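A short worksheet on the structure shown next.
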Amino acid sequence: MTALILDNVDLRIGSESLFDPVSIVVPPGVVAVVSGPSGAGKSSLLAFISGTLPVALTSSGRLVYGDEELTELPAEVRGIGILFQDPMLFPHFNVRGNLLFGMRAGGSRRERRRRADAELDAVGLGGFGDRDPFTLSGGQKARVAILRVLLAEPRALLLDEPFTTLDNANRCKVREFVFSEIARRGLPAILVTHDSGDAAAATGPVIRLAPAEGSPR
Amino acid sequence: MLTVSLMPALAGLVAALVLGLDGGALQRVLATPGVGLSIGTSLWTGIAATVLSLLIAHFAVAAAFTGRWRTRLTALSLPLLTIPHLAIGIGLALVIAPSGLLMRLLSPGATGLERPPDWLLVQDPLGLSMIGGLVLKESCFLILILSVALAQVPATRLLQQARTLGYGPLQAWLSVVAPALQRQIRVPLAAVLVFGISNVEMAIPLGPDLPPTFSVLLWRWFTDPDAMIHAQAYTGSLLLLLINVLALVGFFTAGGAFRFFWRRESERGQRRRCEAPQRIGIGVGLTVGWVIGTLAIVALFLRAAAGAWPFPSVLPALQHGETLRDVLQSILPVARSVAGSTLLLATGTAFVTTLLILPAAEKAAHDTRLRGNIGALLFLPLLVPQMTFLFGVQVLLTRMGLDGTYAGVLWSHAIFALPYVWGIVASARSAIDPRYDAVSRTLGASTLKTYLQVSVPLLARTLLLAIALAFAVSVALYLPTLFVGAGRIATAATEAAAASGSGSSRLAAVHAMLLAAAPLAAFALAYGIAATLFRSRTGVPR
């Protein structure tokens, strides 16, 4: 149960900052919200945190988990999961294969399959294991993507507008499920959103990305 | 355009069927001593080379695109990609032979050898040198195809997703991006396999002898004056087609099984965190391959220039009283004898294919399905062994009185250049924003004016590359020139093959040097002009 800390994070293209430097502490189990106009650098901020920042962007500032410095670590050892707006289910795996790819290693093949199927059952997708992800509805895909990232047992979770493509009924249910898992597992989480409903449902601090001074944006 | 491409190919197949279905000839083919081994060698070399090339291409693309070699990878593979198989084969033989460049570089220092050892390194019975030659060419081709296919796959996001699930870049790429890419390249991959099994371009300089590969056997039968043996060639070419169909079925079935096991491996969730050893391994392997390939090109030029070249000196020395001018003068007459016909055919092919493609590309600019269908149809002739339909094409052209004419040969060259030219021109045309067109016409410009002053300039850079590509394809073509030219039209390719087949290595090297220089010059020119066009216009597509 540890907090995720952004300390004076500044992203630049060339010498131009995307936004005023950001500092924030996200306690475990809390969902912080990042908002701001499009092009303000919300997704870039998440890319910085997850370790997948494009080379065109340079960064300064620190990313800390508890007392562990993450700033220079490659994405795969940070243990920070991310949910994109598009569920990005791998098209060459079936639904169960997607979960197994996300699941931590260990256990026999049979145990792993059983666990994946049980997880599917728990979110109302019982019997969907062998389905082609392409044939799922938007809400179903979103749930599979959430299970996949949770099975990787991340230490923190980033949400890059993952609910915007869902219709209203699904949206609340899926959001509630994700937020309750975040709280239950005590994960610090950061949600990027345009939607006031999503923002209101989150419990944590709100950061509004402001265009940096002198920036043409 | 489709008629130009498919009509002769189809007619060729039909003619091959009619001529080839001959029980007596089939019995004679099967009774030829060593024919089984011959077929076995063809299958083994073709399949082994294709599998190796595919693995190398995937590893290379994975390592380059998750590291810092993105652009360098394609640039470095370009020379090997554009130089014809025959030239690379002849050059590679000059590198790996017991008296070759590699042994000279190591001797006598590392090996202590003062004279070339008596080893069978080229034309070895297992076909390893031939596989090596094919891998040099085909891995570069597949690297290019994979890089092009990247545009169809959300590679960056798939990679990010897998990495945030805890997978290292290389493992992430091979687990989730490579399978998606693999789906996109099945058709070109099939063409690589068919070429590997049925080529003579690599088999003549590098392939085993006694027995040779099956297609070399057919090639010899075809050039035999005896009508009985000639008939064997027709029947044998049908057998070659059958072998290829079986090989394709087997290859893609095995591919399906491999995919299944690869997926199962991925589903274990085993994360590899330290990828440095794999990365270094791939880097070293690629470097070694690339150096050997480059040496092969260098060796061609050295051998072409060298009169005497005693072992173990690395560079040929000028003989007493000889000047560089003398060297040049010994090469020039040979070069001049084929340069005209080679360049004429290549320029003609580039011209004809581009003119045929442009209107079709216009029509299919905003119709993805039509574009895909045309591409697939144009590619069909490349999925049939050249031998099989060329026999038929020759018969067809003889009927039309076009055999042995430049027009006939040009036609056959267009068949092979069209699919590649289509591939790059059609996709570049479709990538141009349709609103430029609309803006131009609402400003009052006619369709023709819009086309000539808006679309064509925006396409200019791609067109230059397409022209160079068609030129390079034509220069490389050997069997079509031989068969359709009825032996009466000599190009750098036919002469290089003939010289290589008869074992005169210097003559082969001179022709192969032309074979290598022409496409390189064409691409250098195309890139040079493309770089100067619209130099100060950042928005023009590259």
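Residues in the structure tokens are numbered from 1 in each chain, the chains being A, B, ... in the order shown, and ligands are numbered from 1 in the order shown.
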
Select, as a PyMOL selection string, those residues of chain B with any atom no more than 10 Å from chain A (distances computed using only C-alpha atoms).
chain B and resi 154+156-169+172+175-177+179-180+183+259-260+263-273

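Backbone DSSP over stretch 29-69 of chain A gives alpha helix (DSSP H) for A:Lys42, A:Ser43, A:Ser44, A:Leu45, A:Leu46, A:Ala47, A:Phe48, A:Ile49, A:Ser50.
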
Write the residues of the preceding selection, restricted to N, CA and C atoms, as a short mmCIF file (atom, residue, chain, number, x, y, z; two decimals), in the first residue's frame.
data_model
loop_
_atom_site.label_atom_id
_atom_site.label_comp_id
_atom_site.auth_asym_id
_atom_site.auth_seq_id
_atom_site.Cartn_x
_atom_site.Cartn_y
_atom_site.Cartn_z
N LYS A 42 -2.30 15.38 -22.00
CA LYS A 42 -2.78 14.42 -21.00
C LYS A 42 -2.21 13.02 -21.27
N SER A 43 -2.35 12.58 -22.54
CA SER A 43 -1.86 11.23 -22.88
C SER A 43 -0.35 11.16 -22.77
N SER A 44 0.33 12.27 -23.09
CA SER A 44 1.79 12.28 -22.98
C SER A 44 2.21 12.13 -21.53
N LEU A 45 1.44 12.75 -20.63
CA LEU A 45 1.75 12.62 -19.20
C LEU A 45 1.64 11.15 -18.77
N LEU A 46 0.57 10.48 -19.25
CA LEU A 46 0.42 9.06 -18.92
C LEU A 46 1.55 8.23 -19.54
N ALA A 47 1.96 8.60 -20.75
CA ALA A 47 3.07 7.88 -21.39
C ALA A 47 4.35 8.05 -20.59
N PHE A 48 4.54 9.25 -20.03
CA PHE A 48 5.71 9.47 -19.18
C PHE A 48 5.65 8.55 -17.96
N ILE A 49 4.47 8.46 -17.35
CA ILE A 49 4.34 7.66 -16.12
C ILE A 49 4.52 6.17 -16.43
N SER A 50 3.97 5.72 -17.59
CA SER A 50 4.07 4.29 -17.89
C SER A 50 5.42 3.92 -18.49
#

May I have the residues within 8 Å of stretch 200-204 of chain B as a ChimeraX atom specification, using only C-alpha atoms and disregarding those fewer than 3 positions away in the same chain?
/B:85-86,89,130,133-134,207-208,212-213,215-216,219,478,497,500-501

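Shortest atom-to-atom contact with A:Pro21 among A:Ala56, A:Leu6, A:Val34, A:Val123: A:Leu6, counting only C-alpha atoms.
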
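Remark: for B:Phe379, the closest of the candidate residues B:Val4, B:Leu128, B:Val187, B:Ala155 is B:Val187 (distances computed over only C-alpha atoms).
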
List the spatial neighbours of stretch 57-59 of chain B as a PDB file with N, CA and C atoms, in the first residue's frame - criterion: any atom at most 9 Å away, only C-alpha atoms, same-chain residues fewer than 3 positions off excluded.
ATOM      1  N   LEU B  52      14.415 -19.775 -42.819  1.00  0.00           N
ATOM      2  CA  LEU B  52      15.496 -18.973 -42.239  1.00  0.00           C
ATOM      3  C   LEU B  52      15.296 -17.485 -42.523  1.00  0.00           C
ATOM      4  N   SER B  53      14.966 -17.160 -43.780  1.00  0.00           N
ATOM      5  CA  SER B  53      14.793 -15.751 -44.147  1.00  0.00           C
ATOM      6  C   SER B  53      13.673 -15.121 -43.330  1.00  0.00           C
ATOM      7  N   LEU B  54      12.582 -15.866 -43.146  1.00  0.00           N
ATOM      8  CA  LEU B  54      11.437 -15.329 -42.411  1.00  0.00           C
ATOM      9  C   LEU B  54      11.819 -15.064 -40.959  1.00  0.00           C
ATOM     10  N   ALA B  62      12.076  -6.796 -35.403  1.00  0.00           N
ATOM     11  CA  ALA B  62      11.767  -6.645 -33.975  1.00  0.00           C
ATOM     12  C   ALA B  62      12.870  -5.863 -33.274  1.00  0.00           C
ATOM     13  N   ALA B  63      14.119  -6.240 -33.527  1.00  0.00           N
ATOM     14  CA  ALA B  63      15.227  -5.580 -32.836  1.00  0.00           C
ATOM     15  C   ALA B  63      15.349  -4.127 -33.296  1.00  0.00           C
ATOM     16  N   ALA B  64      15.209  -3.891 -34.606  1.00  0.00           N
ATOM     17  CA  ALA B  64      15.407  -2.543 -35.120  1.00  0.00           C
ATOM     18  C   ALA B  64      14.286  -1.610 -34.675  1.00  0.00           C
ATOM     19  N   GLU B 138      16.444 -13.036 -49.794  1.00  0.00           N
ATOM     20  CA  GLU B 138      15.046 -13.099 -49.375  1.00  0.00           C
ATOM     21  C   GLU B 138      14.813 -12.470 -48.008  1.00  0.00           C
ATOM     22  N   SER B 139      15.811 -12.527 -47.108  1.00  0.00           N
ATOM     23  CA  SER B 139      15.581 -11.893 -45.810  1.00  0.00           C
ATOM     24  C   SER B 139      15.465 -10.382 -46.001  1.00  0.00           C
ATOM     25  N   CYS B 140      16.257  -9.818 -46.918  1.00  0.00           N
ATOM     26  CA  CYS B 140      16.136  -8.382 -47.187  1.00  0.00           C
ATOM     27  C   CYS B 140      14.769  -8.058 -47.770  1.00  0.00           C
ATOM     28  N   PHE B 141      14.299  -8.909 -48.677  1.00  0.00           N
ATOM     29  CA  PHE B 141      12.981  -8.705 -49.277  1.00  0.00           C
ATOM     30  C   PHE B 141      11.901  -8.749 -48.196  1.00  0.00           C
ATOM     31  N   LEU B 142      11.971  -9.751 -47.314  1.00  0.00           N
ATOM     32  CA  LEU B 142      10.941  -9.879 -46.288  1.00  0.00           C
ATOM     33  C   LEU B 142      11.020  -8.747 -45.260  1.00  0.00           C
ATOM     34  N   ILE B 143      12.238  -8.262 -44.986  1.00  0.00           N
ATOM     35  CA  ILE B 143      12.373  -7.104 -44.085  1.00  0.00           C
ATOM     36  C   ILE B 143      11.614  -5.917 -44.680  1.00  0.00           C
ATOM     37  N   LEU B 144      11.791  -5.716 -45.990  1.00  0.00           N
ATOM     38  CA  LEU B 144      11.092  -4.612 -46.646  1.00  0.00           C
ATOM     39  C   LEU B 144       9.581  -4.804 -46.557  1.00  0.00           C
ATOM     40  N   LEU B 146       7.848  -6.576 -44.439  1.00  0.00           N
ATOM     41  CA  LEU B 146       7.387  -6.408 -43.059  1.00  0.00           C
ATOM     42  C   LEU B 146       7.312  -4.934 -42.690  1.00  0.00           C
ATOM     43  N   LEU B 170      11.552  -6.601 -26.909  1.00  0.00           N
ATOM     44  CA  LEU B 170      11.749  -7.631 -27.928  1.00  0.00           C
ATOM     45  C   LEU B 170      10.695  -8.733 -27.807  1.00  0.00           C
ATOM     46  N   LEU B 174       7.689  -9.662 -30.479  1.00  0.00           N
ATOM     47  CA  LEU B 174       7.549 -10.988 -31.091  1.00  0.00           C
ATOM     48  C   LEU B 174       6.248 -11.671 -30.662  1.00  0.00           C
ATOM     49  N   ALA B 178       4.571  -9.161 -34.109  1.00  0.00           N
ATOM     50  CA  ALA B 178       4.985 -10.056 -35.191  1.00  0.00           C
ATOM     51  C   ALA B 178       3.829 -10.926 -35.723  1.00  0.00           C
ATOM     52  N   GLN B 182       2.641 -10.933 -39.545  1.00  0.00           N
ATOM     53  CA  GLN B 182       2.735 -12.174 -40.300  1.00  0.00           C
ATOM     54  C   GLN B 182       1.501 -12.391 -41.174  1.00  0.00           C
ATOM     55  N   ILE B 282      21.224 -11.061 -32.081  1.00  0.00           N
ATOM     56  CA  ILE B 282      20.609 -10.638 -33.345  1.00  0.00           C
ATOM     57  C   ILE B 282      21.537  -9.653 -34.065  1.00  0.00           C
TER      58      ILE B 282
END

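For the pair atom CA of B:Leu246 and atom CA of B:Ala60, the interatomic distance is 29.2 Å.
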
Go through B:Leu507, B:Leu515, B:Leu410, B:Ala498 and flag the residue nearest B:Val484, using only C-alpha atoms for the distances.
B:Leu410

Non-local contacts of A:Arg208 (12 Å; only C-alpha atoms; under 6 positions in same chain excluded) as number ranges by chain
A: 19-24, 32-38, 40-42, 191-194, 199

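Taking atom CA of B:Met103 and atom CA of B:Ser504 as the two end points, the separation is 20.2 Å.
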